file start03.txt (compact mmCIF, C-alpha atoms)
# COMPACT_ATOMS: atom_id res chain seq x y z
CA MET A 1 69.50 53.62 23.96
CA LYS A 2 69.58 50.22 22.22
CA GLU A 3 72.40 49.80 19.72
CA SER A 4 71.29 49.07 16.14
CA PRO A 5 72.63 45.95 14.37
CA ASN A 6 74.61 48.09 11.90
CA SER A 7 76.19 50.40 14.48
CA SER A 8 79.66 48.81 14.11
CA ALA A 9 79.52 49.19 10.33
CA ASP A 10 78.38 52.83 10.71
CA THR A 11 81.29 53.58 13.05
CA ALA A 12 83.79 52.10 10.60
CA ASP A 13 82.30 54.21 7.80
CA VAL A 14 82.66 57.40 9.88
CA ILE A 15 86.34 56.59 10.60
CA ASN A 16 87.03 56.08 6.88
CA ARG A 17 85.44 59.40 5.91
CA HIS A 18 87.02 61.35 8.83
CA PRO A 19 90.39 59.67 9.57
CA HIS A 20 91.59 62.47 11.89
CA ARG A 21 88.52 62.43 14.14
CA ILE A 22 89.16 61.11 17.69
CA GLN A 23 86.85 58.25 18.61
CA ILE A 24 86.10 57.66 22.29
CA VAL A 25 84.60 54.31 23.28
CA LEU A 26 83.21 53.94 26.79
CA ASN A 27 83.15 50.40 28.19
CA ARG A 28 81.13 50.18 31.36
CA PRO A 29 82.36 47.43 33.70
CA GLN A 30 79.83 44.69 34.33
CA ARG A 31 78.31 44.78 37.77
CA VAL A 32 79.37 41.79 39.86
CA LYS A 33 76.54 40.49 41.99
CA PRO A 34 77.67 40.32 45.64
CA PRO A 35 77.41 36.93 47.38
CA GLY A 36 73.92 36.39 48.74
CA THR A 37 74.85 34.35 51.82
CA LEU A 38 77.85 33.68 54.03
CA ALA A 39 78.20 30.28 52.33
CA ASP A 40 78.31 31.98 48.92
CA ALA A 41 80.95 34.42 50.16
CA VAL A 42 83.13 31.54 51.34
CA ARG A 43 82.87 29.75 48.00
CA VAL A 44 84.24 32.80 46.17
CA THR A 45 87.66 32.32 47.77
CA ALA A 46 87.68 28.67 48.90
CA SER A 47 89.72 26.04 47.05
CA PRO A 48 87.87 23.45 44.91
CA ASN A 49 88.62 20.68 47.44
CA LEU A 50 87.36 22.75 50.35
CA THR A 51 84.27 23.79 48.40
CA ALA A 52 83.47 20.12 47.70
CA VAL A 53 83.55 19.23 51.40
CA LEU A 54 81.56 22.34 52.35
CA ASP A 55 78.94 21.34 49.77
CA GLU A 56 78.76 17.93 51.42
CA MET A 57 78.16 19.66 54.76
CA GLU A 58 75.49 21.87 53.20
CA GLN A 59 73.61 18.78 51.98
CA MET A 60 73.07 17.70 55.58
CA ILE A 61 69.51 18.49 56.60
CA GLY A 62 69.08 21.21 59.23
CA LEU A 63 72.08 22.15 61.45
CA LYS A 64 72.10 25.81 60.36
CA LYS A 65 73.95 27.04 63.45
CA VAL A 66 76.52 24.26 63.18
CA LYS A 67 77.22 25.09 59.54
CA LYS A 68 77.54 28.80 60.30
CA VAL A 69 80.28 28.15 62.86
CA MET A 70 82.42 26.48 60.20
CA TYR A 71 81.93 29.39 57.80
CA ASP A 72 82.83 31.79 60.63
CA ILE A 73 86.07 29.86 61.23
CA TYR A 74 86.96 30.01 57.54
CA ALA A 75 86.31 33.77 57.45
CA LEU A 76 88.52 34.26 60.52
CA LEU A 77 91.38 32.25 59.02
CA ARG A 78 91.22 34.13 55.74
CA ILE A 79 91.16 37.56 57.38
CA ASN A 80 94.03 36.53 59.68
CA LYS A 81 96.09 35.79 56.57
CA GLU A 82 95.35 39.28 55.30
CA ARG A 83 96.30 40.75 58.71
CA THR A 84 99.58 38.83 58.60
CA LYS A 85 100.36 40.34 55.19
CA GLN A 86 99.84 43.80 56.70
CA GLU A 87 102.00 42.85 59.72
CA LEU A 88 99.07 43.15 62.10
CA LYS A 89 98.67 41.13 65.29
CA VAL A 90 96.90 37.76 64.93
CA GLU A 91 95.55 35.92 67.96
CA LYS A 92 96.16 32.18 68.08
CA GLN A 93 92.89 30.26 67.85
CA VAL A 94 91.82 27.13 69.72
CA PHE A 95 89.32 24.85 67.96
CA HIS A 96 88.52 22.23 70.62
CA MET A 97 84.74 21.81 70.81
CA ILE A 98 81.79 20.62 72.86
CA PHE A 99 78.91 18.95 70.97
CA LYS A 100 75.65 18.78 72.95
CA GLY A 101 72.57 16.96 71.70
CA ASN A 102 70.37 13.88 71.72
CA PRO A 103 71.22 10.69 69.80
CA GLY A 104 70.86 10.80 66.03
CA THR A 105 71.27 14.58 65.70
CA GLY A 106 74.39 14.28 63.54
CA LYS A 107 77.20 14.85 66.06
CA THR A 108 79.51 12.09 64.85
CA THR A 109 78.80 12.76 61.17
CA VAL A 110 79.51 16.47 61.62
CA ALA A 111 82.76 15.70 63.49
CA ARG A 112 83.90 13.52 60.59
CA ILE A 113 83.14 16.25 58.04
CA PHE A 114 84.73 18.91 60.25
CA GLY A 115 87.95 16.89 60.22
CA ARG A 116 88.05 16.93 56.44
CA ILE A 117 87.20 20.65 56.32
CA PHE A 118 89.94 21.50 58.81
CA LYS A 119 92.39 19.53 56.70
CA GLU A 120 91.48 21.53 53.59
CA MET A 121 91.77 24.74 55.62
CA GLY A 122 95.29 23.76 56.65
CA ILE A 123 94.50 23.48 60.36
CA LEU A 124 94.90 19.68 60.49
CA SER A 125 97.46 17.64 58.56
CA LYS A 126 95.33 14.49 58.19
CA GLY A 127 91.73 15.26 59.13
CA HIS A 128 90.83 11.73 60.25
CA LEU A 129 88.46 10.94 63.14
CA ILE A 130 89.27 8.76 66.14
CA GLU A 131 86.00 7.98 67.94
CA VAL A 132 86.28 6.82 71.55
CA GLU A 133 84.16 6.40 74.67
CA ARG A 134 84.83 5.84 78.37
CA ALA A 135 85.88 2.19 77.99
CA ASP A 136 88.55 3.16 75.46
CA LEU A 137 90.13 5.73 77.80
CA VAL A 138 89.71 4.36 81.32
CA GLY A 139 92.07 1.61 82.45
CA GLU A 140 91.80 -1.04 85.13
CA PHE A 141 94.71 -0.07 87.38
CA ILE A 142 96.80 2.96 88.34
CA GLY A 143 98.72 4.30 85.36
CA HIS A 144 96.77 2.24 82.82
CA THR A 145 94.33 5.08 82.06
CA ALA A 146 97.10 7.57 81.29
CA GLN A 147 98.76 5.04 79.00
CA LYS A 148 95.54 4.30 77.08
CA THR A 149 94.66 7.98 76.79
CA ARG A 150 98.13 8.96 75.53
CA GLU A 151 97.99 6.21 72.89
CA LEU A 152 94.63 7.43 71.62
CA VAL A 153 95.84 11.04 71.53
CA LYS A 154 98.83 9.85 69.52
CA LYS A 155 96.51 8.14 67.02
CA ALA A 156 94.46 11.34 66.75
CA MET A 157 97.45 13.54 65.89
CA GLY A 158 96.68 15.51 62.75
CA GLY A 159 92.98 14.77 63.13
CA ILE A 160 90.08 14.80 65.60
CA LEU A 161 89.69 12.89 68.86
CA PHE A 162 85.93 12.50 69.34
CA VAL A 163 84.94 11.47 72.88
CA ASP A 164 81.31 10.33 72.92
CA GLU A 165 79.32 10.47 76.17
CA ALA A 166 82.27 12.36 77.67
CA TYR A 167 80.29 13.12 80.86
CA SER A 168 80.63 9.44 81.82
CA LEU A 169 84.29 10.12 82.65
CA ALA A 170 83.19 12.03 85.75
CA ARG A 171 80.57 9.59 87.02
CA GLY A 172 82.80 7.46 89.23
CA GLY A 173 83.78 10.14 91.73
CA GLU A 174 87.21 11.21 92.91
CA LYS A 175 88.65 7.67 93.16
CA ASP A 176 87.48 6.62 89.71
CA PHE A 177 90.05 6.37 86.92
CA GLY A 178 87.80 8.52 84.73
CA LYS A 179 89.16 11.60 86.46
CA GLU A 180 92.65 10.47 85.47
CA ALA A 181 91.52 10.32 81.84
CA ILE A 182 90.21 13.90 82.07
CA ASP A 183 93.50 15.11 83.59
CA CYS A 184 95.50 13.31 80.90
CA LEU A 185 93.35 14.78 78.12
CA THR A 186 93.69 18.26 79.63
CA LYS A 187 97.49 17.94 79.67
CA ALA A 188 97.47 16.73 76.05
CA LEU A 189 95.50 19.82 75.02
CA GLU A 190 98.19 22.01 76.58
CA ASP A 191 101.16 20.02 75.25
CA HIS A 192 99.99 19.61 71.66
CA GLN A 193 97.92 22.77 71.17
CA ASN A 194 96.32 22.41 67.68
CA ASP A 195 98.26 19.33 66.59
CA PHE A 196 94.88 17.66 67.03
CA ILE A 197 91.35 18.82 67.84
CA CYS A 198 89.40 17.28 70.70
CA ILE A 199 85.60 17.16 70.61
CA LEU A 200 83.66 16.15 73.72
CA ALA A 201 80.10 15.04 72.97
CA GLY A 202 76.99 14.02 74.89
CA TYR A 203 73.48 14.92 76.04
CA HIS A 204 72.70 18.59 76.81
CA ASP A 205 72.10 18.41 80.56
CA GLU A 206 74.81 15.85 81.27
CA MET A 207 77.44 17.85 79.35
CA ASP A 208 76.45 21.06 81.16
CA SER A 209 76.89 19.31 84.53
CA PHE A 210 80.18 17.77 83.38
CA MET A 211 81.59 21.18 82.44
CA GLU A 212 80.52 22.65 85.80
CA LEU A 213 82.39 19.88 87.65
CA ASN A 214 85.58 20.73 85.75
CA PRO A 215 86.17 24.51 85.95
CA GLY A 216 89.24 24.32 83.71
CA LEU A 217 87.42 22.72 80.77
CA PRO A 218 85.24 25.58 79.42
CA SER A 219 88.28 27.73 78.63
CA ARG A 220 89.93 24.84 76.79
CA PHE A 221 86.79 24.14 74.73
CA PRO A 222 85.75 27.61 73.50
CA ILE A 223 83.41 26.35 70.77
CA GLN A 224 80.19 24.82 72.12
CA LEU A 225 77.61 23.64 69.62
CA SER A 226 74.05 22.60 70.35
CA PHE A 227 72.52 19.93 68.10
CA GLU A 228 68.78 20.37 68.31
CA ASP A 229 66.25 17.63 67.65
CA TYR A 230 65.05 17.49 64.04
CA SER A 231 61.55 18.67 63.22
CA ILE A 232 59.04 16.19 61.80
CA ASP A 233 59.44 17.66 58.31
CA GLU A 234 63.25 17.43 58.57
CA LEU A 235 62.96 13.79 59.66
CA MET A 236 60.78 13.08 56.65
CA GLU A 237 63.43 14.70 54.42
CA ILE A 238 66.01 12.43 56.05
CA SER A 239 63.81 9.38 55.39
CA GLU A 240 63.51 10.32 51.70
CA LEU A 241 67.28 10.69 51.48
CA ILE A 242 67.93 7.34 53.16
CA VAL A 243 65.54 5.37 50.93
CA LYS A 244 66.90 7.10 47.82
CA ASN A 245 70.47 6.14 48.72
CA LYS A 246 69.32 2.54 49.27
CA GLN A 247 67.44 2.55 45.92
CA TYR A 248 63.98 2.29 47.42
CA GLN A 249 60.90 4.49 47.29
CA LEU A 250 58.20 5.27 49.84
CA THR A 251 54.61 4.96 48.64
CA PRO A 252 52.33 7.87 49.67
CA PRO A 253 50.54 5.70 52.29
CA ALA A 254 53.94 4.61 53.65
CA LYS A 255 55.02 8.25 54.00
CA GLU A 256 51.84 9.09 55.85
CA LYS A 257 52.19 6.14 58.21
CA LEU A 258 55.84 6.91 58.93
CA LYS A 259 55.08 10.58 59.55
CA GLU A 260 52.28 9.74 61.98
CA HIS A 261 54.57 7.37 63.87
CA ILE A 262 57.33 10.00 64.08
CA ALA A 263 54.90 12.54 65.53
CA LYS A 264 53.57 10.00 68.04
CA SER A 265 57.06 8.93 69.15
CA ARG A 266 58.37 12.48 69.46
CA ASN A 267 55.41 13.48 71.64
CA ASP A 268 55.55 10.37 73.82
CA PRO A 269 56.13 11.60 77.42
CA PHE A 270 57.78 8.28 78.28
CA CYS A 271 60.37 8.64 75.49
CA SER A 272 63.09 10.76 77.14
CA ASN A 273 65.70 10.70 74.38
CA PHE A 274 64.17 10.38 70.93
CA SER A 275 66.92 9.12 68.60
CA ASN A 276 66.10 11.37 65.61
CA ALA A 277 67.85 10.26 62.39
CA ARG A 278 68.85 6.97 64.04
CA PHE A 279 65.15 6.31 64.69
CA ILE A 280 64.41 6.90 61.00
CA ARG A 281 67.25 4.69 59.80
CA ASN A 282 66.17 1.82 62.07
CA ALA A 283 62.53 2.14 60.93
CA ILE A 284 63.50 2.03 57.25
CA GLU A 285 65.90 -0.90 57.68
CA ASP A 286 63.17 -2.81 59.47
CA ALA A 287 60.70 -1.95 56.66
CA ILE A 288 63.18 -3.25 54.07
CA ARG A 289 63.28 -6.59 55.90
CA GLN A 290 59.48 -6.67 56.07
CA GLN A 291 59.26 -5.94 52.34
CA ALA A 292 61.63 -8.84 51.63
CA VAL A 293 59.39 -11.20 53.61
CA ARG A 294 56.30 -9.88 51.81
CA LEU A 295 57.85 -10.33 48.36
CA LEU A 296 58.83 -13.94 49.05
CA ALA A 297 55.27 -14.84 48.10
CA VAL A 298 55.70 -13.17 44.68
CA ASN A 299 57.16 -15.45 42.03
CA ALA A 300 58.89 -12.81 39.93
CA PRO A 301 58.57 -9.34 41.53
CA THR A 302 58.66 -6.40 39.14
CA ARG A 303 61.12 -3.55 39.38
CA ASP A 304 58.46 -1.31 40.91
CA GLU A 305 57.60 -3.94 43.52
CA LEU A 306 61.28 -4.24 44.45
CA LEU A 307 61.64 -0.46 44.71
CA GLN A 308 58.56 0.39 46.73
CA LEU A 309 58.24 0.26 50.48
CA ALA A 310 54.51 0.02 51.24
CA ALA A 311 52.65 1.08 54.36
CA GLU A 312 52.27 -2.58 55.37
CA ASP A 313 56.07 -2.88 55.49
CA PHE A 314 56.24 -0.43 58.39
CA VAL A 315 55.35 -2.49 61.43
CA PHE A 316 55.92 -0.39 64.53
CA ARG A 317 56.28 -2.35 67.72
CA GLN A 318 55.33 -0.69 70.96
call {"tool": "encode", "arguments": {"input": "start03.txt", "output": "structure tokens"}}
result
Amino acid sequence: MKESPNSSADTADVINRHPHRIQIVLNRPQRVKPPGTLADAVRVTASPNLTAVLDEMEQMIGLKKVKKVMYDIYALLRINKERTKQELKVEKQVFHMIFKGNPGTGKTTVARIFGRIFKEMGILSKGHLIEVERADLVGEFIGHTAQKTRELVKKAMGGILFVDEAYSLARGGEKDFGKEAIDCLTKALEDHQNDFICILAGYHDEMDSFMELNPGLPSRFPIQLSFEDYSIDELMEISELIVKNKQYQLTPPAKEKLKEHIAKSRNDPFCSNFSNARFIRNAIEDAIRQQAVRLLAVNAPTRDELLQLAAEDFVFRQ
């Protein structure tokens, strides 16, 4: 029943007329709406700094499975703390990872954000990213590879060592120094445990073959994430985000032309590794240069002219 506006005054009047009457007031607790998603549940208990970095991760387009893994890790860490309070057994976790996917699917960007998230979670002391490839690890003579690899591991302490195109370390055969780099990395994983996190990245098929050639690696890299190609709609969202950050706008005809070109390129049977977001970024940067050339003929371009990327600015070379 809805309370009348004068109910408080009426109650006070009753108390004055009957001072010895016992008044019972029932206050029903407000219902707290449970978190709707795993991300919402994490935010209820996460620190402000961690929440800020998680929000930055959430703003990345797509990558649902990748994001879920990070929320799973947070949930595990939090529950392990509760188990420790109750003097229950807690298994030590290993967070070394394999990232598999085509170029431009966000592997390096995610690794950089993961480093910051792990820092806020207390897993890493620094959270920085050291990005390397074969040339950075493999030396030119016996012993040189181990030295280079150890130096890079040292730089990565407290953060993430991200090895791009890691499968290339196994391409030279048994006598190649790449095998020495793998052995040195494997030893570092054992010696330093979670003092740093190692992420090996590369194409799907190549990374699968690489892991099969090294039977000891799968157990040392328990988290394997697949970065799928973006859909056409997701790539268009990425294009909108890129132009917005660069303070440009796409005209409707420009959007249509770009979308048609994305579809054509993705379905091209001769294009084996479509570069996803990198493809979009390159197309937009090229269009910005074309716009600059076009506007040279305009004496005093307006603000709108400076902002807008037109369809004619997208010149796709075959």
call {"tool": "residues_around", "arguments": {"input": "start03.txt", "residues": "Leu213 (chain A)", "least_positions_apart": "3", "cutoff": "12 Å", "atoms": "all atoms listed in the file", "output": "list in words"}}
result
Tyr167, Leu169, Ala170, Arg171, Gly173, Glu174, Lys179, Ile182, Glu206, Met207, Asp208, Ser209, Phe210, Gly216, Leu217 and Pro218 of chain A
call {"tool": "closest_residue", "arguments": {"input": "start03.txt", "among": "A:Leu63, A:Val44, A:Leu185, A:Cys198", "to": "Asp229 (chain A)", "atoms": "all atoms listed in the file"}}
result
A:Leu63
call {"tool": "closest_residue", "arguments": {"input": "start03.txt", "among": "A:Gln291, A:Ala201, A:Glu312, A:Ile61", "to": "Ser231 (chain A)", "atoms": "only C-alpha atoms"}}
result
A:Ile61
call {"tool": "atom_distance", "arguments": {"input": "start03.txt", "atom1": "CA of Ala52 (chain A)", "atom2": "CA of Asp195 (chain A)"}}
result
24.0 Å
call {"tool": "residues_around", "arguments": {"input": "start03.txt", "residues": "Leu50 (chain A)", "least_positions_apart": "6", "cutoff": "9 Å", "atoms": "all atoms listed in the file", "output": "NGL selection string"}}
result
:A and (43 or 116-121)
call {"tool": "atom_distance", "arguments": {"input": "start03.txt", "atom1": "CA of Cys184 (chain A)", "atom2": "CA of Gln147 (chain A)"}}
result
9.1 Å
call {"tool": "closest_residue", "arguments": {"input": "start03.txt", "among": "A:Ile238, A:Leu129, A:Ala277, A:Leu306", "to": "Arg112 (chain A)", "atoms": "all atoms listed in the file"}}
result
A:Leu129
call {"tool": "closest_residue", "arguments": {"input": "start03.txt", "among": "A:Gln308, A:Thr145, A:Gln86, A:Thr186", "to": "Gln247 (chain A)", "atoms": "all atoms listed in the file"}}
result
A:Gln308
call {"tool": "residues_around", "arguments": {"input": "start03.txt", "residues": "Ser168 (chain A)", "least_positions_apart": "3", "cutoff": "8 Å", "atoms": "only C-alpha atoms", "output": "number ranges by chain"}}
result
A: 134, 165, 171-172, 178
call {"tool": "residues_around", "arguments": {"input": "start03.txt", "residues": "region 88-102 of chain A", "least_positions_apart": "4", "cutoff": "8 Å", "atoms": "only C-alpha atoms", "output": "list of chain:residue names"}}
result
A:Asn80, A:Arg83, A:Thr84, A:Lys107, A:Gln193, A:Asn194, A:Ile197, A:Cys198, A:Ile199, A:Leu200, A:Ala201, A:Gly202, A:Tyr203, A:His204, A:Met207, A:Arg220, A:Phe221, A:Pro222, A:Ile223, A:Gln224, A:Leu225, A:Ser226, A:Phe227, A:Glu228, A:Asp229, A:Asn273, A:Phe274, A:Ser275, A:Asn276
call {"tool": "atom_distance", "arguments": {"input": "start03.txt", "atom1": "CA of Lys126 (chain A)", "atom2": "CA of Lys187 (chain A)"}}
result
21.9 Å
call {"tool": "decode", "arguments": {"input": "start03.txt", "residues": "region 268-296 of chain A", "atoms": "N, CA, C and O atoms", "output": "PDB file, in the first residue's frame"}}
result
ATOM      1  N   ASP A 268      39.570 -12.645 -51.291  1.00  0.00           N
ATOM      2  CA  ASP A 268      40.537 -12.881 -52.365  1.00  0.00           C
ATOM      3  C   ASP A 268      41.272 -14.199 -52.109  1.00  0.00           C
ATOM      4  O   ASP A 268      41.979 -14.333 -51.102  1.00  0.00           O
ATOM      5  N   PRO A 269      41.139 -15.195 -52.979  1.00  0.00           N
ATOM      6  CA  PRO A 269      41.799 -16.497 -52.754  1.00  0.00           C
ATOM      7  C   PRO A 269      43.313 -16.415 -52.808  1.00  0.00           C
ATOM      8  O   PRO A 269      44.005 -17.313 -52.318  1.00  0.00           O
ATOM      9  N   PHE A 270      43.840 -15.347 -53.395  1.00  0.00           N
ATOM     10  CA  PHE A 270      45.294 -15.187 -53.493  1.00  0.00           C
ATOM     11  C   PHE A 270      45.875 -14.410 -52.314  1.00  0.00           C
ATOM     12  O   PHE A 270      47.083 -14.222 -52.233  1.00  0.00           O
ATOM     13  N   CYS A 271      45.001 -13.969 -51.399  1.00  0.00           N
ATOM     14  CA  CYS A 271      45.460 -13.248 -50.200  1.00  0.00           C
ATOM     15  C   CYS A 271      45.438 -14.233 -49.037  1.00  0.00           C
ATOM     16  O   CYS A 271      44.391 -14.486 -48.442  1.00  0.00           O
ATOM     17  N   SER A 272      46.596 -14.822 -48.719  1.00  0.00           N
ATOM     18  CA  SER A 272      46.648 -15.893 -47.723  1.00  0.00           C
ATOM     19  C   SER A 272      46.537 -15.388 -46.289  1.00  0.00           C
ATOM     20  O   SER A 272      45.949 -16.048 -45.438  1.00  0.00           O
ATOM     21  N   ASN A 273      47.124 -14.245 -46.004  1.00  0.00           N
ATOM     22  CA  ASN A 273      47.096 -13.725 -44.634  1.00  0.00           C
ATOM     23  C   ASN A 273      46.626 -12.273 -44.629  1.00  0.00           C
ATOM     24  O   ASN A 273      47.422 -11.339 -44.629  1.00  0.00           O
ATOM     25  N   PHE A 274      45.329 -12.099 -44.635  1.00  0.00           N
ATOM     26  CA  PHE A 274      44.726 -10.767 -44.583  1.00  0.00           C
ATOM     27  C   PHE A 274      45.139 -10.097 -43.265  1.00  0.00           C
ATOM     28  O   PHE A 274      45.070 -10.710 -42.196  1.00  0.00           O
ATOM     29  N   SER A 275      45.581  -8.833 -43.329  1.00  0.00           N
ATOM     30  CA  SER A 275      46.202  -8.202 -42.158  1.00  0.00           C
ATOM     31  C   SER A 275      45.230  -7.440 -41.258  1.00  0.00           C
ATOM     32  O   SER A 275      45.652  -6.632 -40.430  1.00  0.00           O
ATOM     33  N   ASN A 276      43.919  -7.671 -41.416  1.00  0.00           N
ATOM     34  CA  ASN A 276      42.925  -7.196 -40.461  1.00  0.00           C
ATOM     35  C   ASN A 276      43.056  -5.718 -40.108  1.00  0.00           C
ATOM     36  O   ASN A 276      42.993  -4.866 -40.993  1.00  0.00           O
ATOM     37  N   ALA A 277      43.219  -5.397 -38.819  1.00  0.00           N
ATOM     38  CA  ALA A 277      43.260  -3.998 -38.376  1.00  0.00           C
ATOM     39  C   ALA A 277      44.434  -3.241 -39.002  1.00  0.00           C
ATOM     40  O   ALA A 277      44.344  -2.042 -39.255  1.00  0.00           O
ATOM     41  N   ARG A 278      45.523  -3.947 -39.268  1.00  0.00           N
ATOM     42  CA  ARG A 278      46.673  -3.319 -39.917  1.00  0.00           C
ATOM     43  C   ARG A 278      46.305  -2.883 -41.338  1.00  0.00           C
ATOM     44  O   ARG A 278      46.738  -1.825 -41.807  1.00  0.00           O
ATOM     45  N   PHE A 279      45.505  -3.693 -42.010  1.00  0.00           N
ATOM     46  CA  PHE A 279      45.005  -3.360 -43.341  1.00  0.00           C
ATOM     47  C   PHE A 279      44.186  -2.072 -43.293  1.00  0.00           C
ATOM     48  O   PHE A 279      44.338  -1.180 -44.134  1.00  0.00           O
ATOM     49  N   ILE A 280      43.316  -1.965 -42.284  1.00  0.00           N
ATOM     50  CA  ILE A 280      42.481  -0.777 -42.126  1.00  0.00           C
ATOM     51  C   ILE A 280      43.331   0.457 -41.845  1.00  0.00           C
ATOM     52  O   ILE A 280      43.135   1.527 -42.445  1.00  0.00           O
ATOM     53  N   ARG A 281      44.266   0.321 -40.922  1.00  0.00           N
ATOM     54  CA  ARG A 281      45.117   1.460 -40.569  1.00  0.00           C
ATOM     55  C   ARG A 281      45.901   1.953 -41.780  1.00  0.00           C
ATOM     56  O   ARG A 281      45.994   3.165 -42.020  1.00  0.00           O
ATOM     57  N   ASN A 282      46.468   1.038 -42.553  1.00  0.00           N
ATOM     58  CA  ASN A 282      47.231   1.433 -43.741  1.00  0.00           C
ATOM     59  C   ASN A 282      46.336   2.130 -44.768  1.00  0.00           C
ATOM     60  O   ASN A 282      46.747   3.123 -45.393  1.00  0.00           O
ATOM     61  N   ALA A 283      45.109   1.616 -44.955  1.00  0.00           N
ATOM     62  CA  ALA A 283      44.182   2.212 -45.922  1.00  0.00           C
ATOM     63  C   ALA A 283      43.809   3.631 -45.512  1.00  0.00           C
ATOM     64  O   ALA A 283      43.739   4.541 -46.355  1.00  0.00           O
ATOM     65  N   ILE A 284      43.580   3.848 -44.226  1.00  0.00           N
ATOM     66  CA  ILE A 284      43.183   5.176 -43.745  1.00  0.00           C
ATOM     67  C   ILE A 284      44.356   6.150 -43.814  1.00  0.00           C
ATOM     68  O   ILE A 284      44.184   7.308 -44.221  1.00  0.00           O
ATOM     69  N   GLU A 285      45.550   5.689 -43.458  1.00  0.00           N
ATOM     70  CA  GLU A 285      46.718   6.576 -43.539  1.00  0.00           C
ATOM     71  C   GLU A 285      47.005   6.977 -44.978  1.00  0.00           C
ATOM     72  O   GLU A 285      47.395   8.120 -45.248  1.00  0.00           O
ATOM     73  N   ASP A 286      46.798   6.052 -45.896  1.00  0.00           N
ATOM     74  CA  ASP A 286      46.970   6.374 -47.316  1.00  0.00           C
ATOM     75  C   ASP A 286      45.902   7.379 -47.764  1.00  0.00           C
ATOM     76  O   ASP A 286      46.187   8.326 -48.517  1.00  0.00           O
ATOM     77  N   ALA A 287      44.663   7.202 -47.294  1.00  0.00           N
ATOM     78  CA  ALA A 287      43.575   8.125 -47.646  1.00  0.00           C
ATOM     79  C   ALA A 287      43.849   9.529 -47.104  1.00  0.00           C
ATOM     80  O   ALA A 287      43.526  10.527 -47.764  1.00  0.00           O
ATOM     81  N   ILE A 288      44.439   9.612 -45.930  1.00  0.00           N
ATOM     82  CA  ILE A 288      44.777  10.926 -45.346  1.00  0.00           C
ATOM     83  C   ILE A 288      45.798  11.646 -46.232  1.00  0.00           C
ATOM     84  O   ILE A 288      45.694  12.857 -46.458  1.00  0.00           O
ATOM     85  N   ARG A 289      46.752  10.896 -46.755  1.00  0.00           N
ATOM     86  CA  ARG A 289      47.733  11.511 -47.673  1.00  0.00           C
ATOM     87  C   ARG A 289      47.060  11.958 -48.962  1.00  0.00           C
ATOM     88  O   ARG A 289      47.350  13.039 -49.499  1.00  0.00           O
ATOM     89  N   GLN A 290      46.135  11.132 -49.467  1.00  0.00           N
ATOM     90  CA  GLN A 290      45.425  11.490 -50.699  1.00  0.00           C
ATOM     91  C   GLN A 290      44.555  12.730 -50.483  1.00  0.00           C
ATOM     92  O   GLN A 290      44.441  13.587 -51.367  1.00  0.00           O
ATOM     93  N   GLN A 291      43.944  12.829 -49.309  1.00  0.00           N
ATOM     94  CA  GLN A 291      43.132  14.010 -48.997  1.00  0.00           C
ATOM     95  C   GLN A 291      43.992  15.270 -48.981  1.00  0.00           C
ATOM     96  O   GLN A 291      43.601  16.332 -49.462  1.00  0.00           O
ATOM     97  N   ALA A 292      45.198  15.144 -48.412  1.00  0.00           N
ATOM     98  CA  ALA A 292      46.109  16.295 -48.347  1.00  0.00           C
ATOM     99  C   ALA A 292      46.465  16.792 -49.748  1.00  0.00           C
ATOM    100  O   ALA A 292      46.488  18.001 -50.011  1.00  0.00           O
ATOM    101  N   VAL A 293      46.722  15.842 -50.640  1.00  0.00           N
ATOM    102  CA  VAL A 293      47.036  16.210 -52.032  1.00  0.00           C
ATOM    103  C   VAL A 293      45.827  16.884 -52.684  1.00  0.00           C
ATOM    104  O   VAL A 293      45.952  17.904 -53.377  1.00  0.00           O
ATOM    105  N   ARG A 294      44.641  16.343 -52.442  1.00  0.00           N
ATOM    106  CA  ARG A 294      43.418  16.895 -53.026  1.00  0.00           C
ATOM    107  C   ARG A 294      43.164  18.316 -52.531  1.00  0.00           C
ATOM    108  O   ARG A 294      42.769  19.204 -53.316  1.00  0.00           O
ATOM    109  N   LEU A 295      43.406  18.557 -51.246  1.00  0.00           N
ATOM    110  CA  LEU A 295      43.104  19.870 -50.667  1.00  0.00           C
ATOM    111  C   LEU A 295      44.162  20.928 -50.982  1.00  0.00           C
ATOM    112  O   LEU A 295      43.967  22.104 -50.666  1.00  0.00           O
ATOM    113  N   LEU A 296      45.282  20.510 -51.587  1.00  0.00           N
ATOM    114  CA  LEU A 296      46.280  21.508 -51.993  1.00  0.00           C
ATOM    115  C   LEU A 296      45.702  22.490 -53.006  1.00  0.00           C
ATOM    116  O   LEU A 296      46.126  23.649 -53.090  1.00  0.00           O
TER     117      LEU A 296
END
